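A.B. asks: File follows, run_39.pdb with PDB, C-alpha atoms:
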```pdb
ATOM      1  CA  MET S  18       5.360  51.954  16.910
ATOM      2  CA  ARG S  19       5.909  53.598  13.600
ATOM      3  CA  ARG S  20       3.870  52.830  10.534
ATOM      4  CA  ARG S  21       6.914  51.302   8.798
ATOM      5  CA  ASP S  22       7.510  48.933  11.751
ATOM      6  CA  VAL S  23       3.870  47.848  11.713
ATOM      7  CA  ARG S  24       4.104  47.045   8.002
ATOM      8  CA  ARG S  25       7.243  44.946   8.560
ATOM      9  CA  LEU S  26       5.588  43.081  11.421
ATOM     10  CA  LEU S  27       2.484  42.364   9.329
ATOM     11  CA  ALA S  28       4.622  41.256   6.373
ATOM     12  CA  ALA S  29       6.648  38.901   8.595
ATOM     13  CA  GLY S  30       3.435  37.474  10.088
ATOM     14  CA  THR S  31       1.990  36.898   6.628
ATOM     15  CA  VAL S  32       5.131  35.086   5.469
ATOM     16  CA  ALA S  33       5.130  32.895   8.599
ATOM     17  CA  ALA S  34       1.433  32.056   8.200
ATOM     18  CA  SER S  35       1.936  31.209   4.519
ATOM     19  CA  ALA S  36       4.834  28.914   5.379
ATOM     20  CA  MET S  37       2.756  27.112   8.029
ATOM     21  CA  LEU S  38      -0.183  26.695   5.643
ATOM     22  CA  GLY S  39       2.152  25.423   2.936
ATOM     23  CA  ALA S  40       3.633  22.856   5.299
ATOM     24  CA  CYS S  41       0.172  21.643   6.293
ATOM     25  CA  ALA S  42      -1.006  21.478   2.691
ATOM     26  CA  SER S  43       2.035  19.468   1.581
ATOM     27  CA  ALA S  44       1.712  16.777   4.267
ATOM     28  CA  PRO S  45       1.010  13.465   2.531
ATOM     29  CA  PRO S  46      -2.362  11.844   3.123
ATOM     30  CA  GLN S  47      -2.478   8.969   5.566
ATOM     31  CA  LEU S  48      -2.874   5.572   3.922
ATOM     32  CA  THR S  49      -6.449   4.328   4.273
ATOM     33  CA  PRO S  50      -8.418   1.538   2.583
ATOM     34  CA  ASP S  51     -10.118   4.153   0.391
ATOM     35  CA  LEU S  52      -6.779   5.627  -0.688
ATOM     36  CA  VAL S  53      -5.398   2.160  -1.489
ATOM     37  CA  ALA S  54      -8.494   1.518  -3.637
ATOM     38  CA  ARG S  55      -8.088   4.835  -5.477
ATOM     39  CA  ILE S  56      -4.363   4.290  -6.100
ATOM     40  CA  GLY S  57      -5.057   0.734  -7.259
ATOM     41  CA  TYR S  58      -7.744   1.877  -9.651
ATOM     42  CA  GLN S  59      -5.469   4.587 -11.053
ATOM     43  CA  SER S  60      -2.817   1.939 -11.641
ATOM     44  CA  LEU S  61      -4.904  -0.926 -13.008
ATOM     45  CA  GLY S  62      -8.151   0.755 -14.054
ATOM     46  CA  PRO S  63      -7.138   1.959 -17.518
ATOM     47  CA  GLU S  64      -6.505  -1.642 -18.609
ATOM     48  CA  MET S  65      -9.588  -3.137 -16.972
ATOM     49  CA  LYS S  66     -12.611  -4.160 -19.005
ATOM     50  CA  LEU S  67     -15.997  -2.721 -18.132
ATOM     51  CA  SER S  68     -17.060  -6.027 -16.568
ATOM     52  CA  ASP S  69     -13.888  -6.325 -14.424
ATOM     53  CA  GLN S  70     -13.956  -5.473 -10.750
ATOM     54  CA  MET S  71     -11.219  -4.475  -8.363
ATOM     55  CA  LEU S  72     -10.955  -5.811  -4.839
ATOM     56  CA  THR S  73      -9.201  -3.817  -2.149
ATOM     57  CA  VAL S  74      -7.134  -5.838   0.298
ATOM     58  CA  TRP S  75      -6.447  -3.764   3.408
ATOM     59  CA  VAL S  76      -3.825  -5.270   5.692
ATOM     60  CA  PRO S  77      -4.325  -3.697   9.138
ATOM     61  CA  ALA S  78      -1.408  -2.774  11.358
ATOM     62  CA  PRO S  79      -0.326  -5.599  13.650
ATOM     63  CA  ALA S  80      -0.874  -5.499  17.371
ATOM     64  CA  PRO S  81       2.270  -4.541  19.275
ATOM     65  CA  PRO S  82       4.382  -7.426  20.607
ATOM     66  CA  ALA S  83       3.397  -8.774  23.993
ATOM     67  CA  ASP S  84       5.327  -7.611  27.017
ATOM     68  CA  GLY S  85       8.298  -9.827  27.724
ATOM     69  CA  SER S  86       8.541 -11.180  24.187
ATOM     70  CA  PRO S  87      12.046 -11.245  22.684
ATOM     71  CA  PRO S  88      12.927  -8.174  20.620
ATOM     72  CA  LEU S  89      12.643  -8.724  16.869
ATOM     73  CA  SER S  90      13.669  -6.686  13.865
ATOM     74  CA  PRO S  91      10.752  -5.062  12.013
ATOM     75  CA  GLU S  92      11.211  -7.559   9.155
ATOM     76  CA  ALA S  93      11.183 -10.556  11.488
ATOM     77  CA  PHE S  94       8.148  -9.200  13.332
ATOM     78  CA  SER S  95       6.242  -8.760  10.034
ATOM     79  CA  ALA S  96       7.139 -12.297   8.948
ATOM     80  CA  LEU S  97       5.999 -13.691  12.302
ATOM     81  CA  VAL S  98       2.661 -11.841  12.172
ATOM     82  CA  ALA S  99       2.070 -12.881   8.543
ATOM     83  CA  ALA S 100       2.811 -16.520   9.363
ATOM     84  CA  SER S 101      -0.172 -16.665  11.701
ATOM     85  CA  SER S 102      -2.526 -14.397   9.754
ATOM     86  CA  PRO S 103      -5.815 -15.885   8.543
ATOM     87  CA  MET S 104      -5.667 -13.365   5.693
ATOM     88  CA  VAL S 105      -3.057 -15.465   3.889
ATOM     89  CA  SER S 106      -5.279 -18.442   3.065
ATOM     90  CA  ASP S 107      -8.307 -16.248   2.271
ATOM     91  CA  LEU S 108      -6.218 -14.098  -0.052
ATOM     92  CA  ALA S 109      -4.727 -17.165  -1.748
ATOM     93  CA  LEU S 110      -8.249 -18.416  -2.536
ATOM     94  CA  VAL S 111      -9.107 -15.123  -4.220
ATOM     95  CA  MET S 112      -5.783 -14.989  -6.056
ATOM     96  CA  ALA S 113      -6.203 -18.573  -7.333
ATOM     97  CA  ARG S 114      -9.185 -17.435  -9.403
ATOM     98  CA  GLY S 115      -6.585 -15.610 -11.523
ATOM     99  CA  GLU S 116      -5.810 -18.947 -13.166
ATOM    100  CA  SER S 117      -8.918 -18.671 -15.346
ATOM    101  CA  GLU S 118     -10.562 -15.265 -14.847
ATOM    102  CA  PRO S 119      -9.481 -11.640 -14.404
ATOM    103  CA  VAL S 120      -8.711 -10.744 -10.788
ATOM    104  CA  ASN S 121      -7.628  -7.195  -9.942
ATOM    105  CA  LEU S 122      -6.376  -6.441  -6.442
ATOM    106  CA  ALA S 123      -5.281  -3.231  -4.759
ATOM    107  CA  VAL S 124      -3.206  -4.252  -1.722
ATOM    108  CA  GLY S 125      -1.823  -2.064   1.034
ATOM    109  CA  GLY S 126      -1.843  -1.150   4.683
ATOM    110  CA  PRO S 127      -0.089   0.992   7.258
ATOM    111  CA  ASP S 128       2.717  -1.579   7.549
ATOM    112  CA  SER S 129       4.106  -2.092   4.041
ATOM    113  CA  ALA S 130       6.385  -4.954   5.127
ATOM    114  CA  LEU S 131       3.460  -6.862   6.629
ATOM    115  CA  ALA S 132       1.307  -6.342   3.525
ATOM    116  CA  ALA S 133       4.167  -7.654   1.370
ATOM    117  CA  GLN S 134       4.687 -10.680   3.625
ATOM    118  CA  ILE S 135       0.994 -11.586   3.506
ATOM    119  CA  LEU S 136       1.022 -11.347  -0.294
ATOM    120  CA  LEU S 137       4.202 -13.435  -0.496
ATOM    121  CA  ARG S 138       2.745 -16.159   1.685
ATOM    122  CA  ALA S 139      -0.490 -16.173  -0.328
ATOM    123  CA  PHE S 140       1.525 -16.528  -3.569
ATOM    124  CA  ARG S 141       3.414 -19.468  -2.076
ATOM    125  CA  LEU S 142       0.127 -21.283  -1.405
ATOM    126  CA  LEU S 143      -0.826 -21.122  -5.086
ATOM    127  CA  GLN S 144      -0.261 -24.411  -6.893
ATOM    128  CA  VAL S 145      -0.846 -23.083 -10.425
ATOM    129  CA  PRO S 146       0.155 -20.056 -12.497
ATOM    130  CA  VAL S 147      -2.285 -17.138 -12.287
ATOM    131  CA  PRO S 148      -1.874 -15.240 -15.569
ATOM    132  CA  TYR S 149      -5.099 -13.257 -15.104
ATOM    133  CA  LEU S 150      -4.117 -11.927 -11.677
ATOM    134  CA  ARG S 151      -3.153  -8.243 -11.564
ATOM    135  CA  ILE S 152      -2.067  -6.571  -8.342
ATOM    136  CA  ALA S 153      -1.376  -2.950  -7.493
ATOM    137  CA  PHE S 154       0.806  -3.093  -4.386
ATOM    138  CA  VAL S 155       0.752   0.202  -2.474
ATOM    139  CA  GLY S 156       3.765   0.269  -0.193
ATOM    140  CA  LYS S 157       7.449   1.066   0.162
ATOM    141  CA  PRO S 158      10.097   0.276  -2.465
ATOM    142  CA  VAL S 159      12.121  -1.835  -0.032
ATOM    143  CA  ASP S 160       9.231  -4.314   0.243
ATOM    144  CA  VAL S 161       8.620  -4.974  -3.445
ATOM    145  CA  THR S 162      11.712  -6.801  -4.759
ATOM    146  CA  GLU S 163      10.945 -10.319  -3.506
ATOM    147  CA  LEU S 164       7.250  -9.771  -4.138
ATOM    148  CA  ALA S 165       7.856  -8.848  -7.790
ATOM    149  CA  ALA S 166      10.020 -11.938  -8.351
ATOM    150  CA  THR S 167       7.422 -14.225  -6.775
ATOM    151  CA  ALA S 168       4.576 -12.662  -8.792
ATOM    152  CA  SER S 169       6.593 -13.118 -11.965
ATOM    153  CA  MET S 170       7.161 -16.819 -11.217
ATOM    154  CA  LYS S 171       3.384 -17.264 -10.887
ATOM    155  CA  ARG S 172       2.858 -15.258 -14.117
ATOM    156  CA  ALA S 173       0.882 -12.581 -12.259
ATOM    157  CA  ALA S 174       1.209  -8.883 -13.070
ATOM    158  CA  LEU S 175       2.409  -6.748 -10.170
ATOM    159  CA  ARG S 176       2.500  -2.975 -10.240
ATOM    160  CA  PHE S 177       4.235  -1.108  -7.473
ATOM    161  CA  GLU S 178       2.701   2.154  -6.323
ATOM    162  CA  MET S 179       4.489   4.299  -3.751
ATOM    163  CA  ALA S 180       2.555   4.719  -0.511
ATOM    164  CA  PRO S 181       2.236   8.295   0.708
ATOM    165  CA  MET S 182       4.792   8.910   3.428
TER     166      MET S 182
END
```
Just give me the structure as structure tokens.
C.D. replies:
Amino acid sequence: MRRRDVRRLLAAGTVAASAMLGACASAPPQLTPDLVARIGYQSLGPEMKLSDQMLTVWVPAPAPPADGSPPLSPEAFSALVAASSPMVSDLALVMARGESEPVNLAVGGPDSALAAQILLRAFRLLQVPVPYLRIAFVGKPVDVTELAATASMKRAALRFEMAPM
């Protein structure tokens, strides 16, 4: 092999290695409870008072459907899982405190549609407006429209933050 050929081979290898490293470095981080908390704090933190706290609500991925169950669309499956989730009533109790005191929530999970459905169902359990409730929802844009309208009806502040994909 000639010296010129060796240089070309090394240059090509360097370019390929740089491209692979660049691809690895640009991969988005996986959504975790810690990342949801950080995104929520970046969104709501600047407006929080020193005495305010932020709660992170992590909505875990649902278990896969049982064998033999009828096939459902992803939206229908999320609604079905949310309907039987004990998180809904617990979350509604926390959110209800927003009627009279500041409540800051960072909400997200690996299944954005499920996290949105759980929030929606918790909002629907609230009997009073919650003007001191502020939520940073970390998810997908497709899941925020109905959630934003429902939050507005309850006088809560909702900020949408894009989940890393």
A.B. asks: Kindly resolve the PyMOL selection byres ((chain S and resi 55) around 12) on the present coordinates and return the residues as a list of chain:residue names.
C.D. replies: S:Leu48, S:Thr49, S:Pro50, S:Asp51, S:Leu52, S:Val53, S:Ala54, S:Ile56, S:Gly57, S:Tyr58, S:Gln59, S:Ser60, S:Leu61, S:Gly62, S:Met71, S:Leu72, S:Thr73, S:Leu122, S:Ala123, S:Val124, S:Gly125, S:Ala153, S:Phe154, S:Val155, S:Glu178, S:Ala180
A.B. asks: On this structure, which residues satisfy the PyMOL selection byres ((chain S and resi 89-102) around 7), written as number ranges by chain?
C.D. replies: S: 87-88, 103-105, 130-131, 134-135
A.B. asks: To one decimal in Å, tell me the separation between CA of Gly126 (chain S) and CA of Met112 (chain S).
C.D. replies: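 Separating CA of Gly126 (chain S) from CA of Met112 (chain S) is a distance of 18.0 Å.
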A.B. asks: Identify which of the residues S:Val76, S:Leu136, S:Leu150, S:Ala165 lies closest to Gly115 (chain S), counting only C-alpha atoms when measuring atom-to-atom distances.
C.D. replies: S:Leu150
A.B. asks: Taking the file as shown, find all residues satisfying the PyMOL selection byres ((chain S and resi 158) around 9) and write them as a VMD selection string.
C.D. replies: chain S and resid 156 to 157 159 to 162 177 to 180
A.B. asks: Write to file, as a compact mmCIF listing (two decimals), keeping the file's coordinate frame, the residues of the selection just made, with C-alpha atoms.
C.D. replies:
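The resulting file, part.txt, is reproduced below:
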```txt
# COMPACT_ATOMS: atom_id res chain seq x y z
CA GLY S 156 3.76 0.27 -0.19
CA LYS S 157 7.45 1.07 0.16
CA VAL S 159 12.12 -1.84 -0.03
CA ASP S 160 9.23 -4.31 0.24
CA VAL S 161 8.62 -4.97 -3.44
CA THR S 162 11.71 -6.80 -4.76
CA PHE S 177 4.24 -1.11 -7.47
CA GLU S 178 2.70 2.15 -6.32
CA MET S 179 4.49 4.30 -3.75
CA ALA S 180 2.56 4.72 -0.51
```
A.B. asks: In Å, rounded to a single decimal, give me how far CA of Ala132 (chain S) is from CA of Ser117 (chain S).
C.D. replies: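 Result for CA of Ser117 (chain S) versus CA of Ala132 (chain S): 24.8 Å, one decimal.
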A.B. asks: Using all atoms listed in the file, which protein or nucleic acid residues come within 8 Å of Gln70 (chain S)? Drop anything in the same chain fewer than 3 positions from it, and give the result as a list of chain:residue names.
C.D. replies: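 Final neighbour list, sorted by chain and number: S:Met65, S:Val120, S:Asn121.
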A.B. asks: Mind giving me the straight-line distance from CA of Val147 (chain S) to CA of Arg114 (chain S) in Å, one decimal?
C.D. replies: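 About the pair CA of Val147 (chain S) and CA of Arg114 (chain S): they are 7.5 Å apart.
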A.B. asks: Give as a ChimeraX atom specification the set of residues within 6 Å of the point (-1.0, -16.2, -12.6), where distances use the file's coordinates and only C-alpha atoms.
C.D. replies: /S:115-116,146-150,171-173
A.B. asks: Please produce an output containing C-alpha atoms for each residue in the selection, written as a PDB file, keeping the file's coordinate frame.
C.D. replies:
```pdb
ATOM      1  CA  GLY S 115      -6.585 -15.610 -11.523  1.00  0.00           C
ATOM      2  CA  GLU S 116      -5.810 -18.947 -13.166  1.00  0.00           C
ATOM      3  CA  PRO S 146       0.155 -20.056 -12.497  1.00  0.00           C
ATOM      4  CA  VAL S 147      -2.285 -17.138 -12.287  1.00  0.00           C
ATOM      5  CA  PRO S 148      -1.874 -15.240 -15.569  1.00  0.00           C
ATOM      6  CA  TYR S 149      -5.099 -13.257 -15.104  1.00  0.00           C
ATOM      7  CA  LEU S 150      -4.117 -11.927 -11.677  1.00  0.00           C
ATOM      8  CA  LYS S 171       3.384 -17.264 -10.887  1.00  0.00           C
ATOM      9  CA  ARG S 172       2.858 -15.258 -14.117  1.00  0.00           C
ATOM     10  CA  ALA S 173       0.882 -12.581 -12.259  1.00  0.00           C
TER      11      ALA S 173
END
```
A.B. asks: Using all atoms listed in the file, which residue out of S:Ala113, S:Ile152, S:Ala78, S:Met182 lies closest to Asp128 (chain S)?
C.D. replies: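 The closest residue to Asp128 (chain S) is S:Ala78.
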A.B. asks: Restricting the calculation to only C-alpha atoms: of S:Phe140, S:Pro63, S:Pro77, S:Met170, which residue gets closest to Leu110 (chain S)?
C.D. replies: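 Among S:Phe140, S:Pro63, S:Pro77, S:Met170, it is S:Phe140 that comes nearest to Leu110 (chain S).
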